[in-house]
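Reproduced below: structure.pdb, with PDB, C-alpha atoms, pLDDT in the B column.
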```pdb
ATOM      1  CA  MET A   1      -9.430 -17.224 -47.149  1.00 61.00           C
ATOM      2  CA  HIS A   2     -12.636 -19.124 -46.772  1.00 77.00           C
ATOM      3  CA  THR A   3     -14.952 -18.210 -43.952  1.00 83.00           C
ATOM      4  CA  ALA A   4     -14.501 -21.665 -42.343  1.00 81.00           C
ATOM      5  CA  THR A   5     -10.704 -21.332 -42.517  1.00 86.00           C
ATOM      6  CA  MET A   6     -10.865 -17.824 -41.064  1.00 85.00           C
ATOM      7  CA  LYS A   7     -13.087 -19.002 -38.184  1.00 86.00           C
ATOM      8  CA  LYS A   8     -10.681 -21.872 -37.441  1.00 86.00           C
ATOM      9  CA  PHE A   9      -7.711 -19.473 -37.490  1.00 87.00           C
ATOM     10  CA  LEU A  10      -9.480 -17.025 -35.140  1.00 87.00           C
ATOM     11  CA  LYS A  11     -10.449 -19.856 -32.806  1.00 87.00           C
ATOM     12  CA  ILE A  12      -6.845 -21.104 -32.630  1.00 88.00           C
ATOM     13  CA  LEU A  13      -5.616 -17.532 -32.101  1.00 87.00           C
ATOM     14  CA  LEU A  14      -8.133 -16.933 -29.293  1.00 88.00           C
ATOM     15  CA  VAL A  15      -7.298 -20.218 -27.543  1.00 85.00           C
ATOM     16  CA  SER A  16      -3.572 -19.468 -27.872  1.00 87.00           C
ATOM     17  CA  MET A  17      -4.069 -16.012 -26.361  1.00 89.00           C
ATOM     18  CA  MET A  18      -6.071 -17.487 -23.471  1.00 89.00           C
ATOM     19  CA  VAL A  19      -3.401 -20.126 -22.788  1.00 85.00           C
ATOM     20  CA  PHE A  20      -0.715 -17.433 -22.906  1.00 86.00           C
ATOM     21  CA  ALA A  21      -2.708 -15.274 -20.450  1.00 86.00           C
ATOM     22  CA  VAL A  22      -3.141 -18.206 -18.045  1.00 87.00           C
ATOM     23  CA  VAL A  23       0.575 -19.107 -18.213  1.00 85.00           C
ATOM     24  CA  LEU A  24       1.557 -15.460 -17.721  1.00 84.00           C
ATOM     25  CA  THR A  25      -0.804 -15.091 -14.747  1.00 82.00           C
ATOM     26  CA  CYS A  26       0.414 -18.305 -13.108  1.00 82.00           C
ATOM     27  CA  GLY A  27       4.031 -17.298 -13.660  1.00 81.00           C
ATOM     28  CA  GLY A  28       3.339 -13.886 -12.152  1.00 78.00           C
ATOM     29  CA  LEU A  29       1.664 -15.402  -9.105  1.00 76.00           C
ATOM     30  CA  ILE A  30       4.529 -17.849  -8.586  1.00 82.00           C
ATOM     31  CA  ALA A  31       7.065 -15.013  -8.891  1.00 76.00           C
ATOM     32  CA  PHE A  32       5.044 -12.831  -6.483  1.00 73.00           C
ATOM     33  CA  GLN A  33       4.885 -15.641  -3.899  1.00 80.00           C
ATOM     34  CA  SER A  34       8.600 -16.320  -4.265  1.00 80.00           C
ATOM     35  CA  ILE A  35       9.609 -12.661  -3.914  1.00 78.00           C
ATOM     36  CA  THR A  36       7.273 -11.950  -0.988  1.00 81.00           C
ATOM     37  CA  LYS A  37       7.663 -15.219   0.938  1.00 87.00           C
ATOM     38  CA  ASN A  38       9.184 -13.398   3.941  1.00 85.00           C
ATOM     39  CA  ALA A  39       6.742 -10.475   3.942  1.00 82.00           C
ATOM     40  CA  VAL A  40       4.524 -10.973   6.958  1.00 86.00           C
ATOM     41  CA  PHE A  41       2.181  -8.599   8.737  1.00 86.00           C
ATOM     42  CA  ASP A  42       3.377  -8.049  12.322  1.00 85.00           C
ATOM     43  CA  ASN A  43       0.661  -6.654  14.571  1.00 84.00           C
ATOM     44  CA  THR A  44       3.224  -5.600  17.192  1.00 86.00           C
ATOM     45  CA  LEU A  45       4.582  -2.972  14.787  1.00 85.00           C
ATOM     46  CA  MET A  46       1.263  -1.165  14.560  1.00 86.00           C
ATOM     47  CA  PRO A  47       0.929   2.084  16.554  1.00 81.00           C
ATOM     48  CA  LYS A  48      -1.549   1.952  19.428  1.00 78.00           C
ATOM     49  CA  ASN A  49      -2.409   4.695  21.942  1.00 71.00           C
ATOM     50  CA  GLU A  50       1.076   6.208  21.890  1.00 62.00           C
ATOM     51  CA  ILE A  51       4.134   6.058  19.698  1.00 59.00           C
ATOM     52  CA  THR A  52       7.634   5.923  21.173  1.00 59.00           C
ATOM     53  CA  THR A  53      10.366   7.449  19.053  1.00 61.00           C
ATOM     54  CA  VAL A  54      13.853   6.173  19.834  1.00 62.00           C
ATOM     55  CA  PHE A  55      17.022   7.794  18.534  1.00 63.00           C
ATOM     56  CA  SER A  56      20.184   5.792  17.886  1.00 67.00           C
ATOM     57  CA  ASP A  57      23.783   6.903  17.717  1.00 72.00           C
ATOM     58  CA  ILE A  58      26.082   5.986  14.810  1.00 75.00           C
ATOM     59  CA  ASN A  59      26.834   2.632  16.461  1.00 78.00           C
ATOM     60  CA  GLY A  60      23.169   1.685  16.694  1.00 70.00           C
ATOM     61  CA  ASN A  61      22.896   2.241  20.455  1.00 74.00           C
ATOM     62  CA  ASN A  62      19.640   3.736  21.689  1.00 68.00           C
ATOM     63  CA  VAL A  63      20.316   7.233  22.924  1.00 66.00           C
ATOM     64  CA  GLU A  64      16.997   8.800  23.790  1.00 62.00           C
ATOM     65  CA  GLY A  65      13.320   8.171  23.358  1.00 60.00           C
ATOM     66  CA  PHE A  66      10.159  10.182  23.700  1.00 56.00           C
ATOM     67  CA  LYS A  67       6.482   9.410  23.489  1.00 60.00           C
ATOM     68  CA  ASN A  68       4.262  11.073  20.936  1.00 64.00           C
ATOM     69  CA  SER A  69       0.613  11.667  21.647  1.00 75.00           C
ATOM     70  CA  PHE A  70      -1.822   9.425  19.829  1.00 84.00           C
ATOM     71  CA  ALA A  71      -5.021  10.967  18.484  1.00 87.00           C
ATOM     72  CA  GLN A  72      -8.071   8.719  18.615  1.00 90.00           C
ATOM     73  CA  TYR A  73     -10.183   8.461  15.451  1.00 92.00           C
ATOM     74  CA  SER A  74     -13.264   9.797  17.244  1.00 91.00           C
ATOM     75  CA  GLU A  75     -11.319  12.929  18.303  1.00 91.00           C
ATOM     76  CA  LEU A  76     -10.318  13.826  14.748  1.00 92.00           C
ATOM     77  CA  PRO A  77     -12.478  16.310  12.828  1.00 94.00           C
ATOM     78  CA  ASP A  78     -14.436  14.758   9.951  1.00 95.00           C
ATOM     79  CA  ASN A  79     -13.166  17.496   7.611  1.00 96.00           C
ATOM     80  CA  LEU A  80      -9.573  16.464   8.360  1.00 94.00           C
ATOM     81  CA  LYS A  81     -10.283  12.767   7.750  1.00 96.00           C
ATOM     82  CA  ASN A  82     -12.189  13.527   4.548  1.00 96.00           C
ATOM     83  CA  ALA A  83      -9.468  15.867   3.269  1.00 96.00           C
ATOM     84  CA  VAL A  84      -6.694  13.312   3.845  1.00 95.00           C
ATOM     85  CA  VAL A  85      -8.660  10.578   2.086  1.00 96.00           C
ATOM     86  CA  ALA A  86      -9.523  12.918  -0.817  1.00 96.00           C
ATOM     87  CA  VAL A  87      -5.889  13.911  -1.330  1.00 93.00           C
ATOM     88  CA  GLU A  88      -4.060  10.675  -0.515  1.00 93.00           C
ATOM     89  CA  ASP A  89      -6.419   7.877  -1.567  1.00 95.00           C
ATOM     90  CA  LYS A  90      -9.865   8.821  -2.865  1.00 94.00           C
ATOM     91  CA  ARG A  91     -10.937   5.163  -3.220  1.00 95.00           C
ATOM     92  CA  PHE A  92      -9.696   4.273   0.288  1.00 96.00           C
ATOM     93  CA  TYR A  93     -13.070   2.973   1.453  1.00 96.00           C
ATOM     94  CA  LYS A  94     -13.607   0.945  -1.751  1.00 95.00           C
ATOM     95  CA  HIS A  95     -10.398  -1.103  -2.147  1.00 95.00           C
ATOM     96  CA  LYS A  96      -8.861  -3.789   0.037  1.00 95.00           C
ATOM     97  CA  GLY A  97      -5.431  -2.240   0.565  1.00 94.00           C
ATOM     98  CA  VAL A  98      -4.320  -1.940  -3.055  1.00 94.00           C
ATOM     99  CA  ASP A  99      -5.943   0.283  -5.685  1.00 93.00           C
ATOM    100  CA  THR A 100      -5.376  -1.443  -9.034  1.00 89.00           C
ATOM    101  CA  ILE A 101      -7.165   1.348 -10.909  1.00 89.00           C
ATOM    102  CA  ARG A 102      -4.693   3.849  -9.482  1.00 87.00           C
ATOM    103  CA  ILE A 103      -1.727   1.555 -10.243  1.00 83.00           C
ATOM    104  CA  PHE A 104      -2.644   1.257 -13.917  1.00 84.00           C
ATOM    105  CA  GLY A 105      -3.387   4.989 -14.104  1.00 82.00           C
ATOM    106  CA  ALA A 106       0.043   5.816 -12.650  1.00 78.00           C
ATOM    107  CA  ILE A 107       1.757   3.400 -15.043  1.00 78.00           C
ATOM    108  CA  ARG A 108      -0.097   4.947 -17.996  1.00 82.00           C
ATOM    109  CA  ASN A 109       0.747   8.494 -16.901  1.00 79.00           C
ATOM    110  CA  ASN A 110       4.393   7.643 -16.235  1.00 74.00           C
ATOM    111  CA  LEU A 111       4.740   5.956 -19.657  1.00 78.00           C
ATOM    112  CA  LYS A 112       3.155   8.953 -21.380  1.00 79.00           C
ATOM    113  CA  GLY A 113       5.913  11.103 -19.933  1.00 75.00           C
ATOM    114  CA  GLY A 114       3.797  12.862 -17.354  1.00 64.00           C
ATOM    115  CA  SER A 115       5.130  13.681 -13.951  1.00 63.00           C
ATOM    116  CA  LEU A 116       6.114  10.583 -12.016  1.00 61.00           C
ATOM    117  CA  GLU A 117       3.366   9.597  -9.670  1.00 64.00           C
ATOM    118  CA  GLY A 118       2.992   6.889  -7.104  1.00 71.00           C
ATOM    119  CA  ALA A 119       0.038   4.632  -6.597  1.00 81.00           C
ATOM    120  CA  SER A 120       0.356   3.781  -2.919  1.00 90.00           C
ATOM    121  CA  THR A 121      -2.826   3.684  -0.902  1.00 96.00           C
ATOM    122  CA  ILE A 122      -3.105   4.942   2.653  1.00 97.00           C
ATOM    123  CA  THR A 123      -2.798   1.317   3.779  1.00 97.00           C
ATOM    124  CA  GLN A 124       0.366   0.801   1.732  1.00 95.00           C
ATOM    125  CA  GLN A 125       1.894   3.998   3.109  1.00 94.00           C
ATOM    126  CA  LEU A 126       1.136   2.835   6.645  1.00 95.00           C
ATOM    127  CA  VAL A 127       2.805  -0.516   5.894  1.00 95.00           C
ATOM    128  CA  LYS A 128       5.870   1.237   4.470  1.00 93.00           C
ATOM    129  CA  ASN A 129       6.128   3.395   7.607  1.00 89.00           C
ATOM    130  CA  THR A 130       5.635   0.539  10.085  1.00 90.00           C
ATOM    131  CA  HIS A 131       7.065  -2.587   8.435  1.00 91.00           C
ATOM    132  CA  LEU A 132       9.454  -1.647   5.627  1.00 89.00           C
ATOM    133  CA  THR A 133      12.207   0.739   4.639  1.00 85.00           C
ATOM    134  CA  GLN A 134      11.872   3.744   2.346  1.00 85.00           C
ATOM    135  CA  GLU A 135      13.887   1.893  -0.311  1.00 86.00           C
ATOM    136  CA  LYS A 136      12.518   2.284  -3.828  1.00 83.00           C
ATOM    137  CA  SER A 137      12.533  -1.184  -5.344  1.00 84.00           C
ATOM    138  CA  ILE A 138      10.098  -3.582  -6.926  1.00 84.00           C
ATOM    139  CA  LYS A 139      10.712  -6.141  -4.177  1.00 89.00           C
ATOM    140  CA  ARG A 140       9.834  -3.623  -1.447  1.00 89.00           C
ATOM    141  CA  LYS A 141       6.730  -2.564  -3.364  1.00 88.00           C
ATOM    142  CA  LEU A 142       5.575  -6.190  -3.756  1.00 90.00           C
ATOM    143  CA  ASN A 143       6.174  -6.809  -0.041  1.00 93.00           C
ATOM    144  CA  GLU A 144       4.202  -3.646   0.705  1.00 93.00           C
ATOM    145  CA  ILE A 145       1.286  -4.916  -1.397  1.00 93.00           C
ATOM    146  CA  LYS A 146       1.251  -8.304   0.328  1.00 94.00           C
ATOM    147  CA  ILE A 147       1.399  -6.856   3.838  1.00 96.00           C
ATOM    148  CA  ALA A 148      -1.229  -4.206   2.990  1.00 96.00           C
ATOM    149  CA  LYS A 149      -3.650  -6.955   1.959  1.00 95.00           C
ATOM    150  CA  GLN A 150      -2.953  -8.735   5.274  1.00 95.00           C
ATOM    151  CA  LEU A 151      -3.352  -5.518   7.288  1.00 96.00           C
ATOM    152  CA  GLU A 152      -6.758  -4.841   5.717  1.00 96.00           C
ATOM    153  CA  LYS A 153      -7.965  -8.215   7.031  1.00 96.00           C
ATOM    154  CA  GLU A 154      -6.968  -7.320  10.603  1.00 96.00           C
ATOM    155  CA  TYR A 155      -8.154  -3.713  10.920  1.00 96.00           C
ATOM    156  CA  SER A 156     -11.125  -1.603   9.871  1.00 96.00           C
ATOM    157  CA  LYS A 157     -10.662   1.320   7.484  1.00 97.00           C
ATOM    158  CA  ASP A 158     -11.182   3.774  10.345  1.00 96.00           C
ATOM    159  CA  GLU A 159      -8.477   2.048  12.428  1.00 96.00           C
ATOM    160  CA  ILE A 160      -6.092   2.131   9.454  1.00 97.00           C
ATOM    161  CA  LEU A 161      -6.747   5.829   8.858  1.00 97.00           C
ATOM    162  CA  GLU A 162      -6.246   6.541  12.575  1.00 95.00           C
ATOM    163  CA  MET A 163      -2.869   4.749  12.621  1.00 94.00           C
ATOM    164  CA  TYR A 164      -1.831   6.423   9.359  1.00 95.00           C
ATOM    165  CA  LEU A 165      -2.631   9.891  10.697  1.00 94.00           C
ATOM    166  CA  ASN A 166      -0.684   9.107  13.867  1.00 91.00           C
ATOM    167  CA  THR A 167       2.476   8.041  12.020  1.00 88.00           C
ATOM    168  CA  ILE A 168       2.927  10.293   8.981  1.00 89.00           C
ATOM    169  CA  TYR A 169       5.275  13.249   8.842  1.00 86.00           C
ATOM    170  CA  PHE A 170       3.549  16.638   8.775  1.00 85.00           C
ATOM    171  CA  GLY A 171       6.684  18.791   8.510  1.00 84.00           C
ATOM    172  CA  SER A 172       8.528  20.900  11.093  1.00 85.00           C
ATOM    173  CA  ASN A 173       9.573  17.737  12.982  1.00 77.00           C
ATOM    174  CA  ALA A 174       5.949  16.811  13.611  1.00 78.00           C
ATOM    175  CA  TYR A 175       5.224  13.105  13.300  1.00 81.00           C
ATOM    176  CA  GLY A 176       1.557  12.276  13.702  1.00 84.00           C
ATOM    177  CA  ILE A 177      -1.518  14.434  13.709  1.00 87.00           C
ATOM    178  CA  ALA A 178      -1.371  15.112  17.469  1.00 82.00           C
ATOM    179  CA  GLN A 179       2.040  16.788  17.126  1.00 80.00           C
ATOM    180  CA  ALA A 180       1.014  18.643  13.990  1.00 75.00           C
TER     181      ALA A 180
END
```
Here is a file; write its structure as structure tokens.
Amino acid sequence: MHTATMKKFLKILLVSMMVFAVVLTCGGLIAFQSITKNAVFDNTLMPKNEITTVFSDINGNNVEGFKNSFAQYSELPDNLKNAVVAVEDKRFYKHKGVDTIRIFGAIRNNLKGGSLEGASTITQQLVKNTHLTQEKSIKRKLNEIKIAKQLEKEYSKDEILEMYLNTIYFGSNAYGIAQA
């Protein structure tokens, strides 16, 4: 092939790849919007000052409720906060609710046959615990991503970490850091 012909071929190939990338991105965004159209951040679901746990019987009737203590961010030891961030979401203070680096790393590791790992951030875990079910599906994960992005616009990182620590399960029937 002549150099001019090769340059023309490469130019056409590059333009085609760029068009394909744009079409793929637009299609992905349209699909994301369609799937997550009903996913909305609801501020009333966020824990504040105390958390009421209500038990229901098999018919869905509320049986009993109790109030869990709520630990304020300023009361929590820095070592605890730092340890949770280091273990659960080391880039917590750098991302805006979703850690794309961690997502691609988890995908790569899972495809290589490593142990299955998740890529949920602290914000996403808080959203799952306050807004969504524990169902494992792509739709739930996409809703989680959308709501996490919305939540990060409403609250500071310290407020998100405080709510997270007050809602997660610590074992031995202890929900929230105050019970633990």
| Nearest to Gln72 of chain A among A:Val19, A:Glu152, A:Asn109, A:Asn49, with distances taken over all atoms listed in the file: which residue is it? | A:Asn49
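The space separating atom CA of Cys26 of chain A from atom CA of Lys139 of chain A comes to 18.3 Å.
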| request: Determine the nearest neighbour of Ala31 of chain A from the options A:Ala119, A:Leu14, A:Ile138, A:Val87, counting only C-alpha atoms. | output: A:Ile138
| said: Which residues are close to segment 160-167 of chain A, i.e. within 10 Å by only C-alpha atoms, leaving aside same-chain residues fewer than 3 positions away? Reply as number ranges by chain. | reply: A: 46-51, 68-76, 80-81, 84-85, 92, 97, 122-127, 129-130, 151-152, 154-157, 170, 174-180
Restricting the output to C-alpha atoms, write the selected residues as an mmCIF file, in the frame of the given file.
```cif
data_model
loop_
_atom_site.group_PDB
_atom_site.id
_atom_site.type_symbol
_atom_site.label_atom_id
_atom_site.label_comp_id
_atom_site.auth_asym_id
_atom_site.auth_seq_id
_atom_site.Cartn_x
_atom_site.Cartn_y
_atom_site.Cartn_z
ATOM 1 C CA MET A 46 1.263 -1.165 14.560
ATOM 2 C CA PRO A 47 0.929 2.084 16.554
ATOM 3 C CA LYS A 48 -1.549 1.952 19.428
ATOM 4 C CA ASN A 49 -2.409 4.695 21.942
ATOM 5 C CA GLU A 50 1.076 6.208 21.890
ATOM 6 C CA ILE A 51 4.134 6.058 19.698
ATOM 7 C CA ASN A 68 4.262 11.073 20.936
ATOM 8 C CA SER A 69 0.613 11.667 21.647
ATOM 9 C CA PHE A 70 -1.822 9.425 19.829
ATOM 10 C CA ALA A 71 -5.021 10.967 18.484
ATOM 11 C CA GLN A 72 -8.071 8.719 18.615
ATOM 12 C CA TYR A 73 -10.183 8.461 15.451
ATOM 13 C CA SER A 74 -13.264 9.797 17.244
ATOM 14 C CA GLU A 75 -11.319 12.929 18.303
ATOM 15 C CA LEU A 76 -10.318 13.826 14.748
ATOM 16 C CA LEU A 80 -9.573 16.464 8.360
ATOM 17 C CA LYS A 81 -10.283 12.767 7.750
ATOM 18 C CA VAL A 84 -6.694 13.312 3.845
ATOM 19 C CA VAL A 85 -8.660 10.578 2.086
ATOM 20 C CA PHE A 92 -9.696 4.273 0.288
ATOM 21 C CA GLY A 97 -5.431 -2.240 0.565
ATOM 22 C CA ILE A 122 -3.105 4.942 2.653
ATOM 23 C CA THR A 123 -2.798 1.317 3.779
ATOM 24 C CA GLN A 124 0.366 0.801 1.732
ATOM 25 C CA GLN A 125 1.894 3.998 3.109
ATOM 26 C CA LEU A 126 1.136 2.835 6.645
ATOM 27 C CA VAL A 127 2.805 -0.516 5.894
ATOM 28 C CA ASN A 129 6.128 3.395 7.607
ATOM 29 C CA THR A 130 5.635 0.539 10.085
ATOM 30 C CA LEU A 151 -3.352 -5.518 7.288
ATOM 31 C CA GLU A 152 -6.758 -4.841 5.717
ATOM 32 C CA GLU A 154 -6.968 -7.320 10.603
ATOM 33 C CA TYR A 155 -8.154 -3.713 10.920
ATOM 34 C CA SER A 156 -11.125 -1.603 9.871
ATOM 35 C CA LYS A 157 -10.662 1.320 7.484
ATOM 36 C CA PHE A 170 3.549 16.638 8.775
ATOM 37 C CA ALA A 174 5.949 16.811 13.611
ATOM 38 C CA TYR A 175 5.224 13.105 13.300
ATOM 39 C CA GLY A 176 1.557 12.276 13.702
ATOM 40 C CA ILE A 177 -1.518 14.434 13.709
ATOM 41 C CA ALA A 178 -1.371 15.112 17.469
ATOM 42 C CA GLN A 179 2.040 16.788 17.126
ATOM 43 C CA ALA A 180 1.014 18.643 13.990
#
```
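Comparing A:Lys112, A:Lys149, A:Arg140, A:Lys128 by their smallest distance to Asp99 of chain A, the closest is A:Lys149 (using all atoms listed in the file).
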| query | Which polymer residues have any atom within 6 Å of an atom of Ile147 of chain A, counting all atoms listed in the file, with same-chain residues fewer than 3 positions away left out, as a ChimeraX atom specification? | reply | /A:41,144,150
Might you pull out every residue within 9 Å of Gly118 of chain A, with all atoms listed in the file counted and same-chain residues fewer than 2 positions away left off, and present them as a PDB file with C-alpha atoms, in the coordinates of the input?
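Heads up, here's the output in out_18.pdb:
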```pdb
ATOM      1  CA  ARG A 102      -4.693   3.849  -9.482  1.00 87.00           C
ATOM      2  CA  ILE A 103      -1.727   1.555 -10.243  1.00 83.00           C
ATOM      3  CA  ALA A 106       0.043   5.816 -12.650  1.00 78.00           C
ATOM      4  CA  ILE A 107       1.757   3.400 -15.043  1.00 78.00           C
ATOM      5  CA  LEU A 116       6.114  10.583 -12.016  1.00 61.00           C
ATOM      6  CA  SER A 120       0.356   3.781  -2.919  1.00 90.00           C
TER       7      SER A 120
END
```
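Coordinates place atom CA of Thr121 of chain A at a distance of 8.9 Å from atom CA of Lys90 of chain A.
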| Residue neighbourhood segment 32-34 of chain A, 12 Å, all atoms listed in the file, exclusion window fewer than 2 positions, as number ranges by chain | A: 25-30, 36-40, 138-146
Extending 4 Å beyond the listed atoms of segment 103-106 of chain A on each side, what axis-aligned box results? I want centre and edge lengths in Å to one decimal, as lines of an AutoDock Vina configuration file.
```
center_x = -1.7
center_y = 3.5
center_z = -12.2
size_x = 11.4
size_y = 12.6
size_z = 11.9
```
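Atom CA of Ala148 of chain A is positioned 11.3 Å from atom CA of Leu132 of chain A.
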Subset file as a tab-separated table (two decimals), in the first residue's frame: segment 77-93 of chain A, C-alpha atoms:
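File produced: part-v7.tsv:
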```tsv
chain	number	residue	atom	x	y	z
A	77	PRO	CA	-12.85	8.84	66.99
A	78	ASP	CA	-10.73	9.88	64.00
A	79	ASN	CA	-9.07	6.44	63.99
A	80	LEU	CA	-12.48	4.80	63.54
A	81	LYS	CA	-13.46	7.12	60.68
A	82	ASN	CA	-10.08	6.68	58.99
A	83	ALA	CA	-10.19	2.89	59.37
A	84	VAL	CA	-13.68	2.61	57.85
A	85	VAL	CA	-12.71	4.79	54.89
A	86	ALA	CA	-9.45	2.84	54.38
A	87	VAL	CA	-11.26	-0.50	54.35
A	88	GLU	CA	-14.54	0.38	52.64
A	89	ASP	CA	-13.69	3.17	50.19
A	90	LYS	CA	-10.14	4.52	50.16
A	91	ARG	CA	-10.97	7.19	47.55
A	92	PHE	CA	-14.11	8.31	49.44
A	93	TYR	CA	-12.98	11.93	49.73
```
